[in-house]
Amino acid sequence: MKTHAKAWMVNIALAALTLFLFVASVYVGRGGDLLMDKFATVAEMDRDIAWLVLTEIRLPRALLGLLVGASLGLTGAGLQGLLRNPLAEPGLIGASGGAALGAVLVFYSGLSLSSIGLATVMLVPLGGIAGALAALAVLYLLAGRNPSIVTIILAGVAISAFAGALTSLSLNLAPSPYAALEIVFWMLGSLTDRSMTQVWFVLPFMGAGWLLVASSWRALDALSLGEDTAATLGFSMKSVTLRAILGTGLAVGAAVSVTGVIGFVGLVVPHLMRPLVGQRPASLLLPSAFGGAALVLAADLLVRLPVDGPELKLGVVTALVGAPFFLWLILRTRREAP
C-alpha cells in the first residue's frame, strides 16, 4: 500500500509539473519574455490578432510538446519492459527511421511545395505515418508469426539502418542545396511553425498507440519474470508483442512525422522515473508519459531563451542532454555486470 500511495503521489506531482510547463510553453516567448504583456498591447489594437497568435501559434506548439513527449516516454518504458533491456528506446523497432524516411521522401519529391490547398500541409505528416507503418510491416514480415525478442531487436536495427541509409541517399541526391537544407533542418526536430491541423491529425494515431501500449501493462509485469512464466500465467507473447510494437509504431511514427526526430527522450525518461516508482514495468508507464511530456516541454522552453541568433532545434537539445546520459548508463551497466 505504501508503494502504491507513493506511485500516485509521484504521478500527481509529475502531472502538476507537466501542467505548469504546458502553461509556461504557451505564455513564455523568445528571450523569456512573457507574452501576456505583448498580448495586452496587441489586444488594444486588434483582439482577433491576439487570439489568433495564442490559438494558432502558441497553443499548437505547447500541445505538440505535450503529446510528443508523452508518446516517447510511454513507448520507451513499454519497450524496455517488453524487451527487458534498459537500453531499449522507441527508435529500436525502426518506426522512427521509417517515419523520417517517409517525410524526407515527401520533401525530396517536392510534394510539400505543391499548391493543392490544405492537403499540402498534411503531406509531410502523411508521408511520415506511411513510412512508420511500412517499417512495422517489414518488421512483422522479418520477425515471423512467432517472434522472439532477439529477432525483433535484430529486425528493428536492420530496418533503422536501412531507413537511415535511404535518408542519407535522399540528402545526397537532393535536387538543390535548398532542398537538402530543408530536409536537414526538419530532421533536427522542432515544434515551431506547427498548426492545430497537424495536432488534430496526429492525435488519433497517438491515442491508439497509447491504448495499445497501456493494454499490455499486466503482461509487462509478468514478462519481468520470463517468457515461460508469462505464458504460464495466460499471457500470449505474440499478442503482447504485437500490441506493444504496433502501439509504439503508431505513437512514435505520428510524433516523428510532425516534429522530426527528437531523440533520447524514450531512453532517458524511464531511467529517471525508476528510482521514484520502482522497477515494475507497469508502474513505470504513466510516470514515464508525464516525465516525457515535462522533459520535451522544458527543452522547448530552453531553446527559446537566447534573445539573439537562430533558435536551437529541439532534437539538438535533447541529444546534448541524452547522449551523455546514455554513455553514463552504458558505463554503469558495465560496472554492474558480473
# chains A, B, ... in the order shown; residues from 1 in each chain; ligands from 1
call {"tool": "residues_around", "arguments": {"residues": "Pro175 (chain A)", "least_positions_apart": "3", "cutoff": "10 Å", "atoms": "only C-alpha atoms", "output": "number ranges by chain"}}
result
A: 108-110, 170-172, 178-180
call {"tool": "write_last_selection", "arguments": {"atoms": "N, CA and C atoms", "output": "mmCIF file, in the first residue's frame"}}
result
data_model
loop_
_atom_site.group_PDB
_atom_site.id
_atom_site.type_symbol
_atom_site.label_atom_id
_atom_site.label_comp_id
_atom_site.auth_asym_id
_atom_site.auth_seq_id
_atom_site.Cartn_x
_atom_site.Cartn_y
_atom_site.Cartn_z
ATOM 1 N N TYR A 108 11.757 15.452 -50.676
ATOM 2 C CA TYR A 108 12.612 15.200 -51.832
ATOM 3 C C TYR A 108 11.832 15.286 -53.142
ATOM 4 N N SER A 109 10.603 14.779 -53.123
ATOM 5 C CA SER A 109 9.794 14.770 -54.341
ATOM 6 C C SER A 109 9.223 16.140 -54.683
ATOM 7 N N GLY A 110 9.267 17.060 -53.735
ATOM 8 C CA GLY A 110 8.717 18.390 -53.981
ATOM 9 C C GLY A 110 7.234 18.503 -53.701
ATOM 10 N N SER A 170 18.841 10.196 -50.009
ATOM 11 C CA SER A 170 17.963 11.285 -50.444
ATOM 12 C C SER A 170 18.648 12.635 -50.282
ATOM 13 N N LEU A 171 19.389 12.804 -49.175
ATOM 14 C CA LEU A 171 20.139 14.040 -48.979
ATOM 15 C C LEU A 171 21.235 14.189 -50.028
ATOM 16 N N ASN A 172 21.906 13.091 -50.335
ATOM 17 C CA ASN A 172 22.996 13.130 -51.303
ATOM 18 C C ASN A 172 22.509 13.470 -52.703
ATOM 19 N N TYR A 178 19.066 23.917 -51.374
ATOM 20 C CA TYR A 178 17.980 24.402 -50.528
ATOM 21 C C TYR A 178 17.085 23.252 -50.081
ATOM 22 N N ALA A 179 16.853 22.286 -50.998
ATOM 23 C CA ALA A 179 16.046 21.122 -50.628
ATOM 24 C C ALA A 179 16.760 20.296 -49.564
ATOM 25 N N ALA A 180 18.074 20.113 -49.719
ATOM 26 C CA ALA A 180 18.841 19.359 -48.726
ATOM 27 C C ALA A 180 18.829 20.074 -47.381
#
call {"tool": "select_by_dssp", "arguments": {"residues": "region 231-329 of chain A", "states": "alpha helix (DSSP H)", "output": "number ranges by chain"}}
result
A: 231-232, 237-259, 265-277, 281-303, 314-329
call {"tool": "residues_around", "arguments": {"residues": "Arg61 (chain A)", "least_positions_apart": "5", "cutoff": "8 Å", "atoms": "only C-alpha atoms", "output": "PyMOL selection string"}}
result
chain A and resi 25-26+191-195
call {"tool": "residues_around", "arguments": {"residues": "region 157-167 of chain A", "least_positions_apart": "6", "cutoff": "6 Å", "atoms": "only C-alpha atoms", "output": "PyMOL selection string"}}
result
chain A and resi 94+97-98+101
call {"tool": "residues_around", "arguments": {"residues": "region 224-240 of chain A", "least_positions_apart": "3", "cutoff": "10 Å", "atoms": "only C-alpha atoms", "output": "compact mmCIF listing (two decimals) with N, CA and C atoms, in the first residue's frame"}}
result
# COMPACT_ATOMS: atom_id res chain seq x y z
N GLY A 81 10.25 -2.62 -20.94
CA GLY A 81 9.61 -3.73 -20.25
C GLY A 81 9.43 -4.94 -21.14
N LEU A 82 9.02 -4.71 -22.40
CA LEU A 82 8.79 -5.81 -23.34
C LEU A 82 10.09 -6.54 -23.66
N LEU A 83 11.13 -5.79 -23.98
CA LEU A 83 12.40 -6.39 -24.40
C LEU A 83 13.31 -6.72 -23.23
N ARG A 84 12.89 -6.26 -22.01
CA ARG A 84 13.68 -6.49 -20.80
C ARG A 84 15.12 -6.03 -21.02
N ARG A 145 5.67 -15.15 -37.59
CA ARG A 145 4.42 -15.23 -36.85
C ARG A 145 4.62 -15.43 -35.35
N ASN A 146 5.72 -16.06 -34.98
CA ASN A 146 6.02 -16.25 -33.55
C ASN A 146 7.36 -15.59 -33.23
N PRO A 147 7.34 -14.25 -33.13
CA PRO A 147 8.61 -13.54 -33.00
C PRO A 147 9.24 -13.71 -31.63
N SER A 148 10.55 -13.81 -31.62
CA SER A 148 11.30 -13.80 -30.37
C SER A 148 11.84 -12.39 -30.12
N ILE A 149 12.23 -12.13 -28.90
CA ILE A 149 12.75 -10.81 -28.56
C ILE A 149 14.00 -10.49 -29.36
N LEU A 212 -2.85 0.88 -27.04
CA LEU A 212 -2.27 -0.44 -27.31
C LEU A 212 -1.12 -0.75 -26.35
N VAL A 213 -0.25 0.24 -26.10
CA VAL A 213 0.86 0.01 -25.17
C VAL A 213 0.34 -0.19 -23.76
N SER A 215 -2.50 -1.30 -22.82
CA SER A 215 -3.28 -2.53 -22.66
C SER A 215 -2.42 -3.74 -22.30
N SER A 216 -1.11 -3.61 -22.46
CA SER A 216 -0.20 -4.73 -22.16
C SER A 216 0.46 -4.59 -20.80
N TRP A 217 -0.08 -3.73 -19.91
CA TRP A 217 0.62 -3.44 -18.67
C TRP A 217 0.75 -4.66 -17.76
N ARG A 218 -0.29 -5.47 -17.66
CA ARG A 218 -0.19 -6.67 -16.82
C ARG A 218 0.83 -7.65 -17.38
N ALA A 219 0.81 -7.80 -18.69
CA ALA A 219 1.74 -8.73 -19.32
C ALA A 219 3.19 -8.29 -19.15
N LEU A 220 3.44 -6.98 -19.15
CA LEU A 220 4.80 -6.49 -18.97
C LEU A 220 5.35 -6.87 -17.60
N ASP A 221 4.49 -6.81 -16.58
CA ASP A 221 4.93 -7.25 -15.25
C ASP A 221 5.26 -8.74 -15.25
N ARG A 243 0.81 -5.87 -29.80
CA ARG A 243 0.18 -4.66 -29.29
C ARG A 243 1.22 -3.61 -28.92
N ALA A 244 2.29 -4.03 -28.25
CA ALA A 244 3.31 -3.07 -27.82
C ALA A 244 4.04 -2.45 -29.00
N ILE A 245 4.38 -3.27 -29.98
CA ILE A 245 5.13 -2.76 -31.13
C ILE A 245 4.24 -1.91 -32.04
N LEU A 246 3.01 -2.36 -32.29
CA LEU A 246 2.11 -1.57 -33.12
C LEU A 246 1.78 -0.25 -32.44
N GLN A 279 10.78 -0.74 -9.92
CA GLN A 279 11.24 -1.45 -11.12
C GLN A 279 10.12 -2.11 -11.92
N ARG A 280 8.88 -2.16 -11.37
CA ARG A 280 7.80 -2.83 -12.10
C ARG A 280 7.48 -2.09 -13.40
N PRO A 281 7.52 -2.77 -14.56
CA PRO A 281 7.24 -2.10 -15.84
C PRO A 281 5.87 -1.42 -15.88
call {"tool": "atom_distance", "arguments": {"atom1": "CA of Ile129 (chain A)", "atom2": "CA of Leu203 (chain A)"}}
result
12.2 Å
